[in-house]
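Raw contents of input-v2.tsv, TSV, C-alpha atoms:
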```tsv
chain	number	residue	atom	x	y	z
A	1	ASP	CA	16.00	66.43	-109.11
A	2	ALA	CA	17.73	69.51	-110.52
A	3	GLY	CA	20.42	67.50	-112.21
A	4	VAL	CA	24.08	68.42	-112.25
A	5	ILE	CA	24.52	72.13	-111.70
A	6	GLN	CA	27.47	74.07	-113.04
A	7	SER	CA	28.43	77.68	-112.54
A	8	PRO	CA	29.10	80.01	-114.10
A	9	ARG	CA	27.56	79.10	-117.45
A	10	HIS	CA	29.85	81.51	-119.24
A	11	GLU	CA	33.16	82.95	-118.17
A	12	VAL	CA	35.30	85.46	-120.01
A	13	THR	CA	38.67	86.29	-118.52
A	14	GLU	CA	42.02	87.69	-119.48
A	15	MET	CA	45.12	85.62	-119.87
A	16	GLY	CA	46.93	85.17	-116.60
A	17	GLN	CA	43.86	85.40	-114.42
A	18	GLU	CA	42.66	82.64	-112.14
A	19	VAL	CA	39.46	80.87	-113.16
A	20	THR	CA	37.32	78.71	-110.89
A	21	LEU	CA	34.56	76.52	-112.26
A	22	ARG	CA	32.02	74.99	-109.92
A	23	CYS	CA	29.93	71.87	-109.94
A	24	LYS	CA	27.18	70.44	-107.78
A	25	PRO	CA	26.56	66.76	-108.55
A	26	ILE	CA	23.23	65.01	-108.34
A	27	SER	CA	22.35	64.24	-104.75
A	28	GLY	CA	23.28	60.67	-103.89
A	29	HIS	CA	25.84	60.31	-106.64
A	30	ASN	CA	29.29	59.47	-105.33
A	31	SER	CA	31.37	59.86	-108.48
A	32	LEU	CA	32.15	63.12	-110.22
A	33	PHE	CA	33.89	63.75	-113.53
A	34	TRP	CA	35.35	66.87	-115.14
A	35	TYR	CA	35.58	67.04	-118.94
A	36	ARG	CA	36.82	69.59	-121.44
A	37	GLN	CA	35.33	69.90	-124.91
A	38	THR	CA	37.19	71.46	-127.82
A	39	MET	CA	36.58	71.32	-131.53
A	40	MET	CA	39.90	69.63	-132.17
A	41	ARG	CA	39.85	66.99	-129.46
A	42	GLY	CA	36.20	66.55	-128.64
A	43	LEU	CA	35.41	65.60	-125.05
A	44	GLU	CA	38.39	64.80	-122.86
A	45	LEU	CA	38.18	63.39	-119.36
A	46	LEU	CA	40.31	65.58	-117.10
A	47	ILE	CA	39.83	64.04	-113.68
A	48	TYR	CA	37.34	62.02	-111.73
A	49	PHE	CA	36.53	61.59	-108.06
A	50	ASN	CA	35.03	58.67	-106.22
A	51	ASN	CA	33.66	59.38	-102.76
A	52	ASN	CA	35.36	62.80	-102.86
A	53	VAL	CA	38.78	61.25	-103.52
A	54	PRO	CA	40.59	61.93	-106.82
A	55	ILE	CA	41.01	58.59	-108.56
A	56	ASP	CA	42.55	59.48	-111.89
A	57	ASP	CA	43.88	62.90	-112.85
A	58	SER	CA	45.96	61.74	-115.79
A	59	GLY	CA	43.83	63.83	-118.12
A	60	MET	CA	44.67	67.10	-116.40
A	61	PRO	CA	46.70	68.92	-119.04
A	62	GLU	CA	49.14	70.83	-116.86
A	63	ASP	CA	49.96	71.89	-113.34
A	64	ARG	CA	47.98	75.04	-114.01
A	65	PHE	CA	44.87	72.88	-113.63
A	66	SER	CA	43.69	71.65	-110.25
A	67	ALA	CA	40.46	70.13	-108.99
A	68	LYS	CA	39.04	69.64	-105.55
A	69	MET	CA	36.03	67.97	-104.04
A	70	PRO	CA	35.77	69.09	-100.42
A	71	ASN	CA	32.46	67.31	-99.89
A	72	ALA	CA	29.95	65.13	-101.69
A	73	SER	CA	27.95	68.04	-103.02
A	74	PHE	CA	30.59	70.37	-104.41
A	75	SER	CA	33.62	70.34	-106.68
A	76	THR	CA	35.81	72.99	-108.25
A	77	LEU	CA	38.11	73.05	-111.24
A	78	LYS	CA	40.67	75.82	-111.08
A	79	ILE	CA	42.97	77.14	-113.77
A	80	GLN	CA	45.79	79.38	-112.62
A	81	PRO	CA	47.11	81.14	-114.60
A	82	SER	CA	44.67	80.85	-117.49
A	83	GLU	CA	45.82	80.90	-121.11
A	84	PRO	CA	43.92	81.44	-124.39
A	85	ARG	CA	44.32	77.76	-125.29
A	86	ASP	CA	42.25	76.88	-122.23
A	87	SER	CA	39.20	78.31	-123.98
A	88	ALA	CA	36.70	75.46	-124.19
A	89	VAL	CA	33.48	74.15	-122.71
A	90	TYR	CA	34.03	72.41	-119.41
A	91	PHE	CA	31.52	69.78	-118.35
A	92	CYS	CA	30.95	68.20	-115.00
A	93	ALA	CA	29.19	64.83	-114.74
A	94	SER	CA	28.17	62.62	-111.85
A	95	SER	CA	27.17	59.01	-111.38
A	96	PHE	CA	26.45	56.50	-108.67
A	97	GLY	CA	28.87	53.69	-107.95
A	98	GLY	CA	31.82	55.02	-109.89
A	99	GLY	CA	30.59	53.91	-113.25
A	100	VAL	CA	31.15	56.02	-116.31
A	101	ARG	CA	28.28	54.29	-118.08
A	102	GLU	CA	25.55	56.03	-116.16
A	103	GLN	CA	26.92	59.54	-116.01
A	104	TYR	CA	24.68	62.57	-116.01
A	105	PHE	CA	26.22	65.68	-117.45
A	106	GLY	CA	25.76	69.27	-116.40
A	107	PRO	CA	25.09	72.01	-118.97
A	108	GLY	CA	28.73	73.03	-119.10
A	109	THR	CA	30.69	76.22	-118.57
A	110	ARG	CA	31.92	78.02	-121.68
A	111	LEU	CA	35.29	79.55	-120.86
A	112	THR	CA	36.87	82.18	-123.05
A	113	VAL	CA	40.37	83.38	-122.21
A	114	THR	CA	41.44	86.46	-124.13
B	1	ASP	CA	46.47	61.05	-130.02
B	2	GLN	CA	42.80	60.37	-130.68
B	3	GLN	CA	41.87	56.84	-129.68
B	4	VAL	CA	38.28	57.37	-130.75
B	5	LYS	CA	37.61	59.10	-134.03
B	6	GLN	CA	34.54	60.42	-135.73
B	7	ASN	CA	35.70	61.40	-139.17
B	8	SER	CA	32.49	63.04	-140.31
B	9	PRO	CA	31.96	66.35	-138.54
B	10	SER	CA	28.48	66.73	-139.99
B	11	LEU	CA	25.68	64.79	-141.64
B	12	SER	CA	22.36	65.85	-143.18
B	13	VAL	CA	19.48	63.45	-143.68
B	14	GLN	CA	15.89	63.79	-144.82
B	15	GLU	CA	13.19	63.13	-142.27
B	16	GLY	CA	12.06	59.51	-142.36
B	17	ARG	CA	15.31	58.24	-143.83
B	18	ILE	CA	18.10	56.39	-142.06
B	19	SER	CA	20.92	58.26	-140.32
B	20	ILE	CA	24.20	56.40	-139.98
B	21	LEU	CA	26.87	57.84	-137.74
B	22	ASN	CA	30.28	56.24	-137.71
B	23	CYS	CA	33.06	55.90	-135.19
B	24	ASP	CA	36.48	54.27	-135.37
B	25	TYR	CA	38.77	53.34	-132.51
B	26	THR	CA	42.34	52.23	-132.19
B	27	ASN	CA	42.56	50.47	-128.82
B	28	SER	CA	41.55	46.80	-128.94
B	29	MET	CA	41.28	46.82	-125.13
B	30	PHE	CA	38.10	48.87	-125.20
B	31	ASP	CA	35.34	46.71	-123.79
B	32	TYR	CA	32.35	49.01	-123.76
B	33	PHE	CA	31.08	51.60	-126.18
B	34	LEU	CA	28.52	54.34	-125.78
B	35	TRP	CA	26.74	56.95	-127.83
B	36	TYR	CA	25.77	60.31	-126.40
B	37	LYS	CA	23.53	62.97	-127.85
B	38	LYS	CA	24.10	66.66	-127.22
B	39	TYR	CA	21.83	69.60	-127.87
B	40	PRO	CA	23.23	73.16	-127.92
B	41	ALA	CA	23.83	74.68	-124.49
B	42	GLU	CA	23.21	71.33	-122.80
B	43	GLY	CA	25.46	68.54	-121.57
B	44	PRO	CA	25.64	65.23	-123.40
B	45	THR	CA	22.98	62.66	-122.57
B	46	PHE	CA	23.41	58.92	-122.77
B	47	LEU	CA	21.69	57.35	-125.75
B	48	ILE	CA	22.69	53.72	-126.20
B	49	SER	CA	25.61	51.41	-125.44
B	50	ILE	CA	27.09	48.09	-126.42
B	51	SER	CA	29.45	45.66	-124.79
B	52	SER	CA	32.38	44.32	-126.76
B	53	ILE	CA	30.96	40.81	-126.49
B	54	LYS	CA	28.03	41.82	-128.68
B	55	ASP	CA	27.82	43.07	-132.23
B	56	LYS	CA	24.43	44.74	-132.10
B	57	ASN	CA	22.20	46.48	-129.62
B	58	GLU	CA	18.82	47.95	-130.44
B	59	ASP	CA	16.65	50.42	-128.56
B	60	GLY	CA	13.63	51.65	-130.43
B	61	ARG	CA	14.72	53.70	-133.42
B	62	PHE	CA	18.39	53.47	-132.38
B	63	THR	CA	20.69	50.57	-133.17
B	64	VAL	CA	24.39	50.38	-132.47
B	65	PHE	CA	26.59	48.01	-134.45
B	66	LEU	CA	30.07	46.93	-133.41
B	67	ASN	CA	32.64	45.45	-135.78
B	68	LYS	CA	35.58	44.52	-133.58
B	69	SER	CA	37.78	43.25	-136.37
B	70	ALA	CA	37.48	46.61	-138.11
B	71	LYS	CA	37.49	48.53	-134.83
B	72	HIS	CA	34.38	50.30	-136.05
B	73	LEU	CA	31.18	51.36	-134.37
B	74	SER	CA	28.08	52.79	-135.97
B	75	LEU	CA	24.78	54.25	-134.82
B	76	HIS	CA	21.71	53.84	-136.99
B	77	ILE	CA	18.65	55.99	-136.47
B	78	VAL	CA	15.54	54.81	-138.31
B	79	PRO	CA	13.40	56.66	-139.11
B	80	SER	CA	15.17	59.95	-138.54
B	81	GLN	CA	13.13	62.76	-137.02
B	82	PRO	CA	13.81	66.51	-136.85
B	83	GLY	CA	14.19	66.20	-133.06
B	84	ASP	CA	17.18	63.95	-133.65
B	85	SER	CA	19.14	66.96	-134.88
B	86	ALA	CA	22.02	67.21	-132.43
B	87	VAL	CA	25.69	66.42	-132.02
B	88	TYR	CA	26.40	62.74	-131.45
B	89	PHE	CA	29.48	61.57	-129.60
B	90	CYS	CA	30.75	58.03	-129.47
B	91	ALA	CA	32.78	56.97	-126.47
B	92	ALA	CA	34.86	53.93	-125.56
B	93	LEU	CA	35.76	52.52	-122.20
B	94	THR	CA	38.42	50.21	-120.80
B	95	GLY	CA	38.84	50.00	-117.06
B	96	ASN	CA	38.71	53.57	-115.87
B	97	GLN	CA	39.93	54.98	-119.15
B	98	PHE	CA	37.16	56.75	-120.99
B	99	TYR	CA	37.55	58.38	-124.40
B	100	PHE	CA	35.15	60.42	-126.49
B	101	GLY	CA	35.20	61.15	-130.18
B	102	THR	CA	35.02	64.68	-131.56
B	103	GLY	CA	31.34	64.41	-132.44
B	104	THR	CA	29.17	64.41	-135.56
B	105	SER	CA	26.54	67.08	-136.02
B	106	LEU	CA	23.37	65.52	-137.42
B	107	THR	CA	20.76	67.65	-139.14
B	108	VAL	CA	17.45	66.02	-140.00
B	109	ILE	CA	15.67	68.01	-142.68
B	110	PRO	CA	11.86	68.06	-142.44
```
Rendering of file as structure tokens:
Amino acid sequence: DAGVIQSPRHEVTEMGQEVTLRCKPISGHNSLFWYRQTMMRGLELLIYFNNNVPIDDSGMPEDRFSAKMPNASFSTLKIQPSEPRDSAVYFCASSFGGGVREQYFGPGTRLTVT
Amino acid sequence: DQQVKQNSPSLSVQEGRISILNCDYTNSMFDYFLWYKKYPAEGPTFLISISSIKDKNEDGRFTVFLNKSAKHLSLHIVPSQPGDSAVYFCAALTGNQFYFGTGTSLTVIP
């Protein structure tokens, strides 16, 4: 299995632009998680889906952030408009059965907003 | 507000010696704890976990200790190997709430 796939691996954009991060979970996994990693706060859970349905988005920092999962094999995290403080590494993870204990993480997308 | 804290951002240990990584938490409702290991340019990978009903869990060279009264978690790696050099995150879980620490960068010196 290819594991969790994220694209792009690196993204540099200017403040105010829209940014879309993409994730393909492991085939057969029915739960998907989006995380943000910063030096100050470590890894923060932003949102997670179970069977394509958002279960908990309490970690989403602001309305500028939105996430979708149109089908079992694809999810997006969108930031519009982006701000310099959004610069971080964004990870996607997937698991089977909704459990956070058996998550498999993707390699992450490093976002830089200038 | 950080509910899971790793107060040591970095740690260096000689190969063959013991590495001890520490983690403190504030929420007594956490019922499951995990350690993840992360290499550069890769996502975190699960290493070892412990339920709140236990105080120790061992897996090969890795042992996790839980002190609930002190709200403290530690990971022991014995003996440490150069390949253990990575960032280690502790994480705590209650219900669907999942919190990570900020990570400790371990360097094992050959």
Given 5 Å of margin on each side, can you work out the centre and size in Å (one decimal) of an axis-aligned box holding every listed atom of stretch 93-101 of chain A, as lines of an AutoDock Vina configuration file?
```
center_x = 29.1
center_y = 59.3
center_z = -113.0
size_x = 15.4
size_y = 21.1
size_z = 20.1
```
Name the residues within 9 Å of (46.2, 84.1, -120.9), counting all atoms listed in the file in the file's coordinates, and put them as an MDAnalysis selection string. chainID A and resid 13:17 81:86 113:114
For the residues selected in the previous step, produce a file with C-alpha atoms as a PDB file, in the coordinates of the input.
```pdb
ATOM      1  CA  THR A  13      38.670  86.290-118.520  1.00  0.00           C
ATOM      2  CA  GLU A  14      42.020  87.690-119.480  1.00  0.00           C
ATOM      3  CA  MET A  15      45.120  85.620-119.870  1.00  0.00           C
ATOM      4  CA  GLY A  16      46.930  85.170-116.600  1.00  0.00           C
ATOM      5  CA  GLN A  17      43.860  85.400-114.420  1.00  0.00           C
ATOM      6  CA  PRO A  81      47.110  81.140-114.600  1.00  0.00           C
ATOM      7  CA  SER A  82      44.670  80.850-117.490  1.00  0.00           C
ATOM      8  CA  GLU A  83      45.820  80.900-121.110  1.00  0.00           C
ATOM      9  CA  PRO A  84      43.920  81.440-124.390  1.00  0.00           C
ATOM     10  CA  ARG A  85      44.320  77.760-125.290  1.00  0.00           C
ATOM     11  CA  ASP A  86      42.250  76.880-122.230  1.00  0.00           C
ATOM     12  CA  VAL A 113      40.370  83.380-122.210  1.00  0.00           C
ATOM     13  CA  THR A 114      41.440  86.460-124.130  1.00  0.00           C
TER      14      THR A 114
END
```
All residues 8 Å or closer to A:Cys23, all atoms listed in the file, same chain fewer than 2 positions away omitted, as a list in words: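 Contacts, in chain order: Val4, Ile5, Gln6, Ser7, Leu21, Pro25, Phe74, Ser75, Thr76 and Cys92 of chain A.
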With C-alpha atoms kept, could you save the residues just selected as an mmCIF file, in the coordinates of the input?
```
data_model
loop_
_atom_site.group_PDB
_atom_site.id
_atom_site.type_symbol
_atom_site.label_atom_id
_atom_site.label_comp_id
_atom_site.auth_asym_id
_atom_site.auth_seq_id
_atom_site.Cartn_x
_atom_site.Cartn_y
_atom_site.Cartn_z
ATOM 1 C CA VAL A 4 24.080 68.420 -112.250
ATOM 2 C CA ILE A 5 24.520 72.130 -111.700
ATOM 3 C CA GLN A 6 27.470 74.070 -113.040
ATOM 4 C CA SER A 7 28.430 77.680 -112.540
ATOM 5 C CA LEU A 21 34.560 76.520 -112.260
ATOM 6 C CA PRO A 25 26.560 66.760 -108.550
ATOM 7 C CA PHE A 74 30.590 70.370 -104.410
ATOM 8 C CA SER A 75 33.620 70.340 -106.680
ATOM 9 C CA THR A 76 35.810 72.990 -108.250
ATOM 10 C CA CYS A 92 30.950 68.200 -115.000
#
```
Produce a table with one row for each residue of chain A that has an atom at most 10 Å from any atom of chain B, each row naming the nearest atom pair and its distance in Å at one decimal; use only C-alpha atoms; arrange rows by chain and rising residue number; format as CSV.
```
residue,atom,partner,partner_atom,distance
A:Val4,CA,B:Gly43,CA,9.4
A:Arg9,CA,B:Ala41,CA,9.1
A:Gln37,CA,B:Thr102,CA,8.5
A:Thr38,CA,B:Thr102,CA,8.0
A:Met39,CA,B:Thr102,CA,6.8
A:Met40,CA,B:Thr102,CA,7.0
A:Arg41,CA,B:Thr102,CA,5.8
A:Gly42,CA,B:Thr102,CA,3.7
A:Leu43,CA,B:Phe100,CA,5.4
A:Glu44,CA,B:Phe100,CA,6.5
A:Leu45,CA,B:Phe98,CA,6.9
A:Tyr48,CA,B:Asn96,CA,9.5
A:Ile55,CA,B:Asn96,CA,9.2
A:Asp56,CA,B:Asn96,CA,8.1
A:Ser58,CA,B:Gln97,CA,9.7
A:Gly59,CA,B:Gln97,CA,9.7
A:Val89,CA,B:Ala41,CA,9.8
A:Tyr90,CA,B:Gly43,CA,9.6
A:Phe91,CA,B:Gly43,CA,7.0
A:Cys92,CA,B:Gly43,CA,8.6
A:Ala93,CA,B:Gly43,CA,8.6
A:Gly98,CA,B:Asn96,CA,9.2
A:Gly99,CA,B:Asn96,CA,8.5
A:Val100,CA,B:Phe98,CA,7.7
A:Arg101,CA,B:Leu34,CA,7.7
A:Glu102,CA,B:Phe46,CA,7.5
A:Gln103,CA,B:Phe46,CA,7.6
A:Tyr104,CA,B:Thr45,CA,6.8
A:Phe105,CA,B:Gly43,CA,5.1
A:Gly106,CA,B:Gly43,CA,5.2
A:Pro107,CA,B:Glu42,CA,4.3
A:Gly108,CA,B:Gly43,CA,6.1
A:Thr109,CA,B:Ala41,CA,9.2
A:Arg110,CA,B:Ala41,CA,9.2
```
Could you check which of B:Asn67, B:Ser28, B:Ser19, B:Thr104 is closest to B:Gln81, using all atoms listed in the file?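 Using all atoms listed in the file, B:Gln81 sits closest to B:Ser19.
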Using Å and a single decimal, report how far atom CA of A:Phe33 sits from atom CA of B:Leu21.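 Between these atoms lies a distance of 25.9 Å.
Between atom CA of B:Ala86 and atom CA of B:Leu11 the separation is 10.2 Å.
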Which one is closest to A:Ser87: A:Ala72, A:Val53, A:Val12, A:Ala2? Count all atoms listed in the file. A:Val12
Test item: residues at most 10 Å from B:Lys68, only C-alpha atoms, excluding those fewer than 4 positions along its chain, as a VMD selection string: chain B and resid 24 to 25 28 30 52 to 55 72 to 73
Distance query A:Lys78 at most 8 Å, all atoms listed in the file, self and fewer than 4 positions along chain excluded, as a ChimeraX atom specification: /A:18-21,64-67
Atom CA of A:Asn52 to atom CA of A:Leu77: how many Å, to one decimal? 13.5 Å
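Nearest residue to A:Ile79, choosing from A:Leu111, A:Phe49, A:Ile26, A:Ser95 and counting only C-alpha atoms: A:Leu111.
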Tell me which of A:Lys24, A:Lys68, A:His10, A:Arg36 sits closest to A:Ser94, counting all atoms listed in the file.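 Closest to A:Ser94, using all atoms listed in the file: A:Lys24.
Once only C-alpha atoms are considered, the residues situated within 12 Å of the file point (22.6, 43.7, -133.9) turn out to be Ser49, Ile50, Ser51, Ile53, Lys54, Asp55, Lys56, Asn57, Glu58, Asp59, Phe62, Thr63, Val64, Phe65, Leu66, Asn67, Leu73, Ser74, Leu75 and His76 of chain B.
Candidate residues B:Gly60, B:Val78, B:Ile109, B:Tyr88 were compared for distance to B:Trp35, and the nearest is B:Tyr88, using only C-alpha atoms.
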Take stretch 61-72 of chain A, model all heavy atoms, and hand the result over as a PDB file, keeping the file's coordinate frame.
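Contents of selection_23.pdb, as written:
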```pdb
ATOM      1  N   PRO A  61      45.669  68.582-118.048  1.00  0.00           N
ATOM      2  CA  PRO A  61      46.700  68.920-119.040  1.00  0.00           C
ATOM      3  C   PRO A  61      47.995  69.434-118.444  1.00  0.00           C
ATOM      4  O   PRO A  61      49.058  69.124-118.949  1.00  0.00           O
ATOM      5  CB  PRO A  61      46.006  69.973-119.919  1.00  0.00           C
ATOM      6  CG  PRO A  61      44.865  70.471-119.123  1.00  0.00           C
ATOM      7  CD  PRO A  61      44.461  69.404-118.195  1.00  0.00           C
ATOM      8  N   GLU A  62      47.919  70.245-117.416  1.00  0.00           N
ATOM      9  CA  GLU A  62      49.140  70.830-116.860  1.00  0.00           C
ATOM     10  C   GLU A  62      48.940  71.138-115.390  1.00  0.00           C
ATOM     11  O   GLU A  62      47.832  71.052-114.869  1.00  0.00           O
ATOM     12  CB  GLU A  62      49.457  72.153-117.592  1.00  0.00           C
ATOM     13  CG  GLU A  62      49.558  72.034-119.089  1.00  0.00           C
ATOM     14  CD  GLU A  62      49.668  73.397-119.741  1.00  0.00           C
ATOM     15  OE1 GLU A  62      50.156  74.355-119.096  1.00  0.00           O
ATOM     16  OE2 GLU A  62      49.274  73.514-120.901  1.00  0.00           O
ATOM     17  N   ASP A  63      50.041  71.516-114.762  1.00  0.00           N
ATOM     18  CA  ASP A  63      49.960  71.890-113.340  1.00  0.00           C
ATOM     19  C   ASP A  63      49.111  73.130-113.118  1.00  0.00           C
ATOM     20  O   ASP A  63      48.725  73.418-111.980  1.00  0.00           O
ATOM     21  CB  ASP A  63      51.370  72.132-112.783  1.00  0.00           C
ATOM     22  CG  ASP A  63      52.155  70.838-112.695  1.00  0.00           C
ATOM     23  OD1 ASP A  63      51.527  69.758-112.783  1.00  0.00           O
ATOM     24  OD2 ASP A  63      53.390  70.905-112.535  1.00  0.00           O
ATOM     25  N   ARG A  64      48.828  73.850-114.168  1.00  0.00           N
ATOM     26  CA  ARG A  64      47.980  75.040-114.010  1.00  0.00           C
ATOM     27  C   ARG A  64      46.547  74.643-113.652  1.00  0.00           C
ATOM     28  O   ARG A  64      45.760  75.456-113.178  1.00  0.00           O
ATOM     29  CB  ARG A  64      47.960  75.850-115.306  1.00  0.00           C
ATOM     30  CG  ARG A  64      49.323  76.394-115.732  1.00  0.00           C
ATOM     31  CD  ARG A  64      49.211  77.280-116.960  1.00  0.00           C
ATOM     32  NE  ARG A  64      48.753  76.545-118.139  1.00  0.00           N
ATOM     33  CZ  ARG A  64      47.542  76.657-118.653  1.00  0.00           C
ATOM     34  NH1 ARG A  64      46.652  77.471-118.113  1.00  0.00           N
ATOM     35  NH2 ARG A  64      47.201  75.961-119.737  1.00  0.00           N
ATOM     36  N   PHE A  65      46.213  73.375-113.907  1.00  0.00           N
ATOM     37  CA  PHE A  65      44.870  72.880-113.630  1.00  0.00           C
ATOM     38  C   PHE A  65      44.879  72.124-112.295  1.00  0.00           C
ATOM     39  O   PHE A  65      45.764  71.302-112.038  1.00  0.00           O
ATOM     40  CB  PHE A  65      44.406  71.922-114.732  1.00  0.00           C
ATOM     41  CG  PHE A  65      44.046  72.592-116.015  1.00  0.00           C
ATOM     42  CD1 PHE A  65      45.004  73.184-116.821  1.00  0.00           C
ATOM     43  CD2 PHE A  65      42.713  72.620-116.435  1.00  0.00           C
ATOM     44  CE1 PHE A  65      44.653  73.798-118.027  1.00  0.00           C
ATOM     45  CE2 PHE A  65      42.360  73.219-117.633  1.00  0.00           C
ATOM     46  CZ  PHE A  65      43.328  73.813-118.427  1.00  0.00           C
ATOM     47  N   SER A  66      43.857  72.405-111.491  1.00  0.00           N
ATOM     48  CA  SER A  66      43.690  71.650-110.250  1.00  0.00           C
ATOM     49  C   SER A  66      42.210  71.486-109.969  1.00  0.00           C
ATOM     50  O   SER A  66      41.394  72.319-110.364  1.00  0.00           O
ATOM     51  CB  SER A  66      44.383  72.356-109.076  1.00  0.00           C
ATOM     52  OG  SER A  66      43.797  73.629-108.846  1.00  0.00           O
ATOM     53  N   ALA A  67      41.868  70.391-109.313  1.00  0.00           N
ATOM     54  CA  ALA A  67      40.460  70.130-108.990  1.00  0.00           C
ATOM     55  C   ALA A  67      40.367  69.650-107.557  1.00  0.00           C
ATOM     56  O   ALA A  67      41.258  68.961-107.064  1.00  0.00           O
ATOM     57  CB  ALA A  67      39.860  69.095-109.940  1.00  0.00           C
ATOM     58  N   LYS A  68      39.280  70.048-106.920  1.00  0.00           N
ATOM     59  CA  LYS A  68      39.040  69.640-105.550  1.00  0.00           C
ATOM     60  C   LYS A  68      37.587  69.200-105.383  1.00  0.00           C
ATOM     61  O   LYS A  68      36.705  69.636-106.130  1.00  0.00           O
ATOM     62  CB  LYS A  68      39.331  70.793-104.582  1.00  0.00           C
ATOM     63  CG  LYS A  68      40.778  71.214-104.524  1.00  0.00           C
ATOM     64  CD  LYS A  68      40.983  72.324-103.501  1.00  0.00           C
ATOM     65  CE  LYS A  68      42.449  72.745-103.423  1.00  0.00           C
ATOM     66  NZ  LYS A  68      42.662  73.831-102.438  1.00  0.00           N
ATOM     67  N   MET A  69      37.390  68.362-104.397  1.00  0.00           N
ATOM     68  CA  MET A  69      36.030  67.970-104.040  1.00  0.00           C
ATOM     69  C   MET A  69      35.968  67.910-102.520  1.00  0.00           C
ATOM     70  O   MET A  69      36.187  66.851-101.924  1.00  0.00           O
ATOM     71  CB  MET A  69      35.626  66.639-104.672  1.00  0.00           C
ATOM     72  CG  MET A  69      34.155  66.365-104.549  1.00  0.00           C
ATOM     73  SD  MET A  69      33.627  65.048-105.662  1.00  0.00           S
ATOM     74  CE  MET A  69      31.853  65.121-105.400  1.00  0.00           C
ATOM     75  N   PRO A  70      35.728  69.030-101.882  1.00  0.00           N
ATOM     76  CA  PRO A  70      35.770  69.090-100.420  1.00  0.00           C
ATOM     77  C   PRO A  70      34.647  68.309 -99.736  1.00  0.00           C
ATOM     78  O   PRO A  70      34.804  67.898 -98.586  1.00  0.00           O
ATOM     79  CB  PRO A  70      35.653  70.588-100.117  1.00  0.00           C
ATOM     80  CG  PRO A  70      35.016  71.176-101.336  1.00  0.00           C
ATOM     81  CD  PRO A  70      35.458  70.332-102.493  1.00  0.00           C
ATOM     82  N   ASN A  71      33.548  68.116-100.450  1.00  0.00           N
ATOM     83  CA  ASN A  71      32.460  67.310 -99.890  1.00  0.00           C
ATOM     84  C   ASN A  71      31.659  66.701-101.030  1.00  0.00           C
ATOM     85  O   ASN A  71      31.927  66.980-102.208  1.00  0.00           O
ATOM     86  CB  ASN A  71      31.557  68.164 -98.973  1.00  0.00           C
ATOM     87  CG  ASN A  71      30.988  69.366 -99.693  1.00  0.00           C
ATOM     88  OD1 ASN A  71      30.245  69.228-100.648  1.00  0.00           O
ATOM     89  ND2 ASN A  71      31.328  70.567 -99.210  1.00  0.00           N
ATOM     90  N   ALA A  72      30.687  65.897-100.687  1.00  0.00           N
ATOM     91  CA  ALA A  72      29.950  65.130-101.690  1.00  0.00           C
ATOM     92  C   ALA A  72      29.069  65.973-102.591  1.00  0.00           C
ATOM     93  O   ALA A  72      28.567  65.485-103.603  1.00  0.00           O
ATOM     94  CB  ALA A  72      29.095  64.068-100.981  1.00  0.00           C
TER      95      ALA A  72
END
```
